[in-house]
Amino acid sequence: MTCSLDDVAALAAVEPSGFECDLEGALHRLHLWGRFDSDWLGNFGLHLFATDLEVVEAEAMKTQEGVWIASFLLASPARGPLRHDFLQMARRSPRAVPALPTPVISISVRLSREEPGHVYANVVGKDSSGLVAHVLAHFARFGLRPRRCFIRTRDGEVDDWFWLAPVTAPSSAVVSEHALERDWRSATSP
């Protein structure tokens, strides 16, 4: 059962928060919607990792009304229905997070011409546990939060896109593209 974000938005119009998870071939398609904290996506990824679920693809977007709508394609060792409370996983931080490997990735960014202070970021490299949480924490240090993302993992490689908005109204001291890229490299160097 494939689904566009428009379809998930229609579900969100009927019910303020919820999820649906069905088999899609050998994988699971999860549709999730609701009001979540700004760091929900990274925390959700950590919960998925802890429950042995791998994100193959995902698309998530924060609507004008402040509701997140998302569609995930998940790989799991389980062949039957998944019995996780995905809404609960999206709404809370993990209790304990093990030491995660430093991602081997590169980030390229472009400042938006249409919306001052907004940033488009592309993350490519090796997939690793907690990758989305690492990347979003990096952007949060610059006062940027996700508004939309596309996540794709193929053969252990990621090609993720993030559209980021400033936490506060942009000022004349907008962060530079080079600072975002340079800081990532220096923050992850051994």
# chains A, B, ... in the order shown; residues from 1 in each chain; ligands from 1
$ residues_around --residues "range 88-91 of chain A" --least-positions-apart "2" --cutoff "6 Å" --atoms "only C-alpha atoms" --output "ChimeraX atom specification"
/A:36,40,44,85-86
$ write_last_selection --atoms "C-alpha atoms" --output "PDB file, in the first residue's frame"
ATOM      1  CA  PHE A  36       5.446  16.297  17.797  1.00  0.00           C
ATOM      2  CA  TRP A  40      10.898  13.918  17.160  1.00  0.00           C
ATOM      3  CA  PHE A  44      11.912   8.269  16.385  1.00  0.00           C
ATOM      4  CA  ASP A  85       3.061   1.922  19.365  1.00  0.00           C
ATOM      5  CA  PHE A  86       4.604   4.202  16.757  1.00  0.00           C
TER       6      PHE A  86
END
$ select_by_dssp --residues "range 36-130 of chain A" --states "alpha helix (DSSP H)" --output "list of chain:residue names"
A:Trp40, A:Leu41, A:Gly42, A:Asn43, A:Phe44, A:Gly45, A:Leu46, A:His47, A:Leu48, A:Phe49, A:Ala50, A:Phe86, A:Leu87, A:Gln88, A:Met89, A:Ala90, A:Arg91
$ residues_around --residues "Ala165 in chain A" --least-positions-apart "3" --cutoff "7 Å" --atoms "only C-alpha atoms" --output "ChimeraX atom specification"
/A:117-119,144-147
$ closest_residue --among "A:Ala121, A:Ala60, A:Leu32, A:Ala70" --to "Glu15 in chain A" --atoms "only C-alpha atoms"
A:Leu32
$ select_by_dssp --residues "range 6-138 of chain A" --states "strand (DSSP E or B)" --output "JSON, numbers by chain"
{"A": [18, 19, 20, 21, 22, 23, 24, 27, 28, 29, 30, 31, 32, 33, 34, 54, 55, 56, 57, 58, 59, 60, 61, 62, 68, 69, 70, 71, 72, 73, 74, 75, 105, 106, 107, 108, 109, 110, 111, 119, 120, 121, 122, 123, 124, 125, 126]}
$ write_last_selection --atoms "N, CA and C atoms" --output "compact mmCIF listing (two decimals), in the first residue's frame"
# COMPACT_ATOMS: atom_id res chain seq x y z
N GLY A 18 -2.23 9.84 14.91
CA GLY A 18 -2.39 8.40 14.76
C GLY A 18 -1.35 7.80 13.84
N PHE A 19 -1.53 6.53 13.55
CA PHE A 19 -0.65 5.84 12.62
C PHE A 19 -1.37 4.63 12.04
N GLU A 20 -0.90 4.22 10.88
CA GLU A 20 -1.33 2.99 10.23
C GLU A 20 -0.07 2.30 9.74
N CYS A 21 -0.01 0.99 9.91
CA CYS A 21 1.16 0.24 9.44
C CYS A 21 0.67 -1.05 8.79
N ASP A 22 1.05 -1.22 7.51
CA ASP A 22 0.63 -2.39 6.75
C ASP A 22 1.82 -2.97 6.00
N LEU A 23 1.70 -4.25 5.66
CA LEU A 23 2.72 -4.89 4.84
C LEU A 23 2.68 -4.30 3.44
N GLU A 24 3.86 -4.10 2.87
CA GLU A 24 4.00 -3.68 1.47
C GLU A 24 5.09 -4.56 0.88
N LEU A 27 8.26 -5.52 2.96
CA LEU A 27 8.52 -4.40 3.86
C LEU A 27 7.23 -3.96 4.55
N HIS A 28 7.35 -2.96 5.41
CA HIS A 28 6.19 -2.40 6.10
C HIS A 28 6.08 -0.92 5.76
N ARG A 29 4.86 -0.47 5.43
CA ARG A 29 4.60 0.94 5.16
C ARG A 29 3.91 1.52 6.39
N LEU A 30 4.54 2.54 6.97
CA LEU A 30 4.01 3.21 8.16
C LEU A 30 3.61 4.63 7.79
N HIS A 31 2.38 4.99 8.11
CA HIS A 31 1.90 6.36 7.96
C HIS A 31 1.70 6.89 9.37
N LEU A 32 2.23 8.06 9.65
CA LEU A 32 2.24 8.61 11.00
C LEU A 32 1.90 10.09 10.91
N TRP A 33 1.09 10.58 11.86
CA TRP A 33 0.76 11.99 11.88
C TRP A 33 0.43 12.44 13.29
N GLY A 34 0.69 13.73 13.56
CA GLY A 34 0.39 14.31 14.86
C GLY A 34 1.28 15.50 15.14
N GLU A 54 14.54 -0.91 10.30
CA GLU A 54 15.42 -0.08 9.48
C GLU A 54 14.59 0.77 8.52
N VAL A 55 14.89 2.06 8.47
CA VAL A 55 14.21 2.95 7.54
C VAL A 55 14.86 2.79 6.16
N VAL A 56 14.07 2.35 5.20
CA VAL A 56 14.52 2.22 3.82
C VAL A 56 14.27 3.54 3.10
N GLU A 57 13.07 4.08 3.30
CA GLU A 57 12.69 5.38 2.74
C GLU A 57 11.76 6.07 3.71
N ALA A 58 11.77 7.38 3.69
CA ALA A 58 10.83 8.15 4.51
C ALA A 58 10.63 9.51 3.88
N GLU A 59 9.45 10.03 4.08
CA GLU A 59 9.16 11.41 3.73
C GLU A 59 8.33 11.96 4.88
N ALA A 60 8.71 13.13 5.36
CA ALA A 60 7.99 13.76 6.47
C ALA A 60 7.91 15.26 6.22
N MET A 61 6.81 15.86 6.65
CA MET A 61 6.62 17.28 6.44
C MET A 61 5.77 17.85 7.57
N LYS A 62 6.15 19.05 8.02
CA LYS A 62 5.35 19.77 8.99
C LYS A 62 4.40 20.67 8.21
N TRP A 68 2.72 17.21 11.95
CA TRP A 68 3.66 16.44 11.13
C TRP A 68 2.91 15.32 10.44
N ILE A 69 3.18 15.12 9.16
CA ILE A 69 2.66 13.98 8.42
C ILE A 69 3.88 13.25 7.85
N ALA A 70 3.85 11.92 7.91
CA ALA A 70 5.03 11.16 7.50
C ALA A 70 4.64 9.80 6.94
N SER A 71 5.46 9.32 6.03
CA SER A 71 5.32 7.98 5.47
C SER A 71 6.70 7.33 5.50
N PHE A 72 6.77 6.15 6.08
CA PHE A 72 8.04 5.41 6.21
C PHE A 72 7.90 4.05 5.55
N LEU A 73 8.94 3.62 4.87
CA LEU A 73 9.05 2.25 4.39
C LEU A 73 10.10 1.59 5.27
N LEU A 74 9.68 0.55 6.00
CA LEU A 74 10.54 -0.06 7.02
C LEU A 74 10.87 -1.50 6.68
N ALA A 75 12.12 -1.88 6.94
CA ALA A 75 12.54 -3.28 6.85
C ALA A 75 12.58 -3.84 8.26
N ILE A 105 29.85 10.67 6.58
CA ILE A 105 28.96 11.31 5.61
C ILE A 105 29.54 12.66 5.21
N SER A 106 28.94 13.23 4.20
CA SER A 106 29.23 14.62 3.87
C SER A 106 27.90 15.35 3.75
N ILE A 107 27.93 16.61 4.09
CA ILE A 107 26.73 17.44 4.04
C ILE A 107 27.02 18.60 3.10
N SER A 108 26.13 18.81 2.16
CA SER A 108 26.21 20.00 1.33
C SER A 108 24.92 20.79 1.55
N VAL A 109 25.05 22.10 1.64
CA VAL A 109 23.89 22.93 1.95
C VAL A 109 23.78 24.07 0.95
N ARG A 110 22.56 24.57 0.86
CA ARG A 110 22.29 25.73 0.02
C ARG A 110 21.27 26.58 0.77
N LEU A 111 21.54 27.86 0.86
CA LEU A 111 20.60 28.78 1.50
C LEU A 111 19.44 29.05 0.55
N VAL A 119 17.30 26.66 4.94
CA VAL A 119 18.44 25.94 4.36
C VAL A 119 17.96 24.62 3.76
N TYR A 120 18.51 24.29 2.60
CA TYR A 120 18.33 22.97 1.99
C TYR A 120 19.63 22.21 2.23
N ALA A 121 19.53 20.99 2.74
CA ALA A 121 20.74 20.21 3.03
C ALA A 121 20.62 18.81 2.44
N ASN A 122 21.71 18.35 1.85
CA ASN A 122 21.80 17.00 1.31
C ASN A 122 22.88 16.25 2.08
N VAL A 123 22.51 15.09 2.59
CA VAL A 123 23.43 14.26 3.37
C VAL A 123 23.65 12.97 2.59
N VAL A 124 24.91 12.67 2.28
CA VAL A 124 25.25 11.44 1.57
C VAL A 124 26.38 10.74 2.31
N GLY A 125 26.41 9.42 2.19
CA GLY A 125 27.48 8.65 2.81
C GLY A 125 26.98 7.32 3.33
N LYS A 126 27.72 6.79 4.29
CA LYS A 126 27.41 5.48 4.87
C LYS A 126 26.27 5.59 5.87
$ atom_distance --atom1 "CA of Arg148 in chain A" --atom2 "CA of Ser93 in chain A"
20.0 Å
